[in-house]
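> A single structure is presented below for examination.
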Amino acid sequence: MERVGLEGWAVASEDGLTVALDTMLDDELRLEARVNDLIRLVQQLRKDTGLEITDRIRLWIPDAELLAFADRIAGETLALAVEAGGELRLEKA
């Protein structure tokens, strides 16, 4: 059974148990989503360019704000370097 909660909350009940989730996004969550989207795009680009799953790359990203997450991005995409660039691109290292 779904209940109507306050704005910004999702509420559901079943068998006497009620769960409420805060659905409001703050700037930190939005930034995290952008990082996840970038990683997904890089992984798709790796696949589309025919790279092997273990190939190391150099990566240029268009959003310099995401450089704060360079270590995480590099770790998940096997990038030896993550740098700011005009458009998303990668090359095999």
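Residue names in the structure tokens use chain letters A, B, ... in the order shown, residue numbers from 1 in each chain, and ligand numbers from 1 in the order shown.
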Any idea what's packed within 7 Å of Val82 of chain A, counting only C-alpha atoms, ignoring anything in its chain fewer than 2 positions away? Could you give it as a short mmCIF file (atom, residue, chain, number, x, y, z; two decimals) with N, CA and C atoms, in the first residue's frame?

```
data_model
loop_
_atom_site.label_atom_id
_atom_site.label_comp_id
_atom_site.auth_asym_id
_atom_site.auth_seq_id
_atom_site.Cartn_x
_atom_site.Cartn_y
_atom_site.Cartn_z
N ARG A 58 44.35 6.65 -21.38
CA ARG A 58 44.46 8.04 -20.92
C ARG A 58 43.11 8.65 -21.24
N LEU A 59 42.61 9.48 -20.36
CA LEU A 59 41.24 9.98 -20.47
C LEU A 59 41.20 11.49 -20.33
N TRP A 60 40.44 12.12 -21.23
CA TRP A 60 40.18 13.56 -21.16
C TRP A 60 38.67 13.74 -20.98
N ALA A 70 38.98 12.25 -9.87
CA ALA A 70 39.87 11.61 -10.85
C ALA A 70 40.33 10.23 -10.41
N ALA A 74 39.52 7.06 -12.59
CA ALA A 74 40.64 6.28 -13.11
C ALA A 74 40.54 4.82 -12.68
N ALA A 79 42.04 4.08 -16.22
CA ALA A 79 42.77 5.21 -16.79
C ALA A 79 44.05 5.46 -16.00
#
```
> Using DSSP on the backbone, list every residue of segment 9-76 of chain A that comes out as alpha helix (DSSP H), and give them as a list in words.
Asp27, Glu28, Leu29, Arg30, Leu31, Glu32, Ala33, Arg34, Val35, Asn36, Asp37, Leu38, Ile39, Arg40, Leu41, Val42, Gln43, Gln44, Leu45, Arg46, Lys47, Asp48, Ala70, Asp71, Arg72, Ile73, Ala74, Gly75 and Glu76 of chain A
> Can you tell me, as a PyMOL selection string, what residues are no more than 12 Å from Ala81 of chain A when counting only C-alpha atoms, ignoring any on the same chain fewer than 5 positions away?
chain A and resi 56-61+67+69-75+89-93
> Once you have the residues from the selection above, write them out as a short mmCIF file (atom, residue, chain, number, x, y, z; two decimals), in the first residue's frame, restricted to N, CA and C atoms.

```
data_model
loop_
_atom_site.label_atom_id
_atom_site.label_comp_id
_atom_site.auth_asym_id
_atom_site.auth_seq_id
_atom_site.Cartn_x
_atom_site.Cartn_y
_atom_site.Cartn_z
N ARG A 56 44.65 -0.35 -20.55
CA ARG A 56 44.77 0.92 -19.83
C ARG A 56 44.59 2.07 -20.80
N ILE A 57 44.06 3.19 -20.31
CA ILE A 57 43.78 4.34 -21.17
C ILE A 57 44.29 5.63 -20.55
N ARG A 58 44.35 6.65 -21.38
CA ARG A 58 44.46 8.04 -20.92
C ARG A 58 43.11 8.65 -21.24
N LEU A 59 42.61 9.48 -20.36
CA LEU A 59 41.24 9.98 -20.47
C LEU A 59 41.20 11.49 -20.33
N TRP A 60 40.44 12.12 -21.23
CA TRP A 60 40.18 13.56 -21.16
C TRP A 60 38.67 13.74 -20.98
N ILE A 61 38.31 14.55 -19.97
CA ILE A 61 36.89 14.75 -19.68
C ILE A 61 36.54 16.23 -19.86
N LEU A 67 37.14 16.52 -11.99
CA LEU A 67 38.53 16.13 -11.71
C LEU A 67 38.75 15.85 -10.23
N PHE A 69 37.20 13.89 -8.64
CA PHE A 69 36.94 12.46 -8.53
C PHE A 69 37.86 11.66 -9.46
N ALA A 70 38.98 12.25 -9.87
CA ALA A 70 39.87 11.61 -10.85
C ALA A 70 40.33 10.23 -10.41
N ASP A 71 40.64 10.06 -9.14
CA ASP A 71 41.11 8.75 -8.66
C ASP A 71 40.04 7.69 -8.82
N ARG A 72 38.82 8.03 -8.47
CA ARG A 72 37.71 7.07 -8.60
C ARG A 72 37.44 6.77 -10.07
N ILE A 73 37.41 7.81 -10.90
CA ILE A 73 37.17 7.64 -12.33
C ILE A 73 38.26 6.76 -12.93
N ALA A 74 39.52 7.06 -12.59
CA ALA A 74 40.64 6.28 -13.11
C ALA A 74 40.54 4.82 -12.68
N GLY A 75 40.22 4.61 -11.43
CA GLY A 75 40.12 3.25 -10.91
C GLY A 75 39.06 2.42 -11.61
N ARG A 89 37.20 12.07 -24.49
CA ARG A 89 37.97 11.23 -25.40
C ARG A 89 38.94 10.38 -24.59
N LEU A 90 39.35 9.30 -25.22
CA LEU A 90 40.33 8.43 -24.57
C LEU A 90 41.26 7.88 -25.63
N GLU A 91 42.41 7.45 -25.17
CA GLU A 91 43.34 6.76 -26.04
C GLU A 91 43.96 5.63 -25.25
N LYS A 92 44.30 4.58 -25.95
CA LYS A 92 44.95 3.44 -25.31
C LYS A 92 46.33 3.87 -24.85
N ALA A 93 46.68 3.54 -23.62
CA ALA A 93 47.97 3.93 -23.07
C ALA A 93 49.05 2.96 -23.47
#
```
> Quick one: distance from atom CA of Asn36 of chain A to atom CA of Ala12 of chain A in Å, one decimal?
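Separating atom CA of Asn36 of chain A from atom CA of Ala12 of chain A is a distance of 27.5 Å.
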> What parts of chain A does DSSP call strand (DSSP E or B)? I'd like the answer as a list in words.
Glu2, Arg3, Trp9, Ala10, Val11, Ala12, Ser13, Glu14, Leu17, Thr18, Val19, Ala20, Leu21, Asp22, Ile57, Arg58, Leu59, Trp60, Ile61, Ala79, Leu80, Ala81, Val82, Glu83, Ala84, Arg89, Leu90, Glu91 and Lys92 of chain A
> Write out as a compact mmCIF listing (two decimals) with N, CA, C and O atoms, in the first residue's frame which residues come within 12 Å of Asp26 of chain A when counting only C-alpha atoms, dropping same-chain ones fewer than 6 positions away.

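Output (selection-v1.txt):
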```txt
# COMPACT_ATOMS: atom_id res chain seq x y z
N GLY A 8 8.78 15.60 -1.26
CA GLY A 8 10.17 15.22 -1.12
C GLY A 8 10.38 13.89 -0.41
O GLY A 8 11.51 13.49 -0.18
N GLU A 32 27.61 13.40 -7.63
CA GLU A 32 27.84 11.95 -7.64
C GLU A 32 27.19 11.31 -8.87
O GLU A 32 27.78 10.43 -9.52
N ALA A 33 25.99 11.74 -9.21
CA ALA A 33 25.30 11.23 -10.39
C ALA A 33 26.07 11.57 -11.66
O ALA A 33 26.17 10.73 -12.58
```
> Within 6 Å of Trp9 of chain A, counting only C-alpha atoms, which residues qualify if same-chain residues fewer than 2 places away don't, as number ranges by chain?
A: 5-7, 21-23
> Let me make sure I understand: among A:Thr18, A:Leu38, A:Pro62, A:Asp48, which one has the smallest atom-to-atom distance to Thr77 of chain A if we use only C-alpha atoms?
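Between A:Thr18, A:Leu38, A:Pro62, A:Asp48, the residue approaching Thr77 of chain A most closely is A:Leu38.
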> So the first atom is atom CA of Glu52 of chain A and the second is atom CA of Ala64 of chain A; what is the distance between them in Å, to one decimal place?
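Result for atom CA of Glu52 of chain A versus atom CA of Ala64 of chain A: 26.9 Å, one decimal.
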> Which is closer to Ile39 of chain A than all the others in A:Leu25, A:Leu88, A:Val11, A:Ile53, using only C-alpha atoms?
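Among the listed residues, the smallest separation from Ile39 of chain A belongs to A:Leu88.
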> Which residue, A:Asp27, A:Glu14, A:Glu83, A:Glu76, has the smallest gap to Asp63 of chain A when you use only C-alpha atoms?
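That would be A:Glu83, the residue with the smallest distance to Asp63 of chain A.
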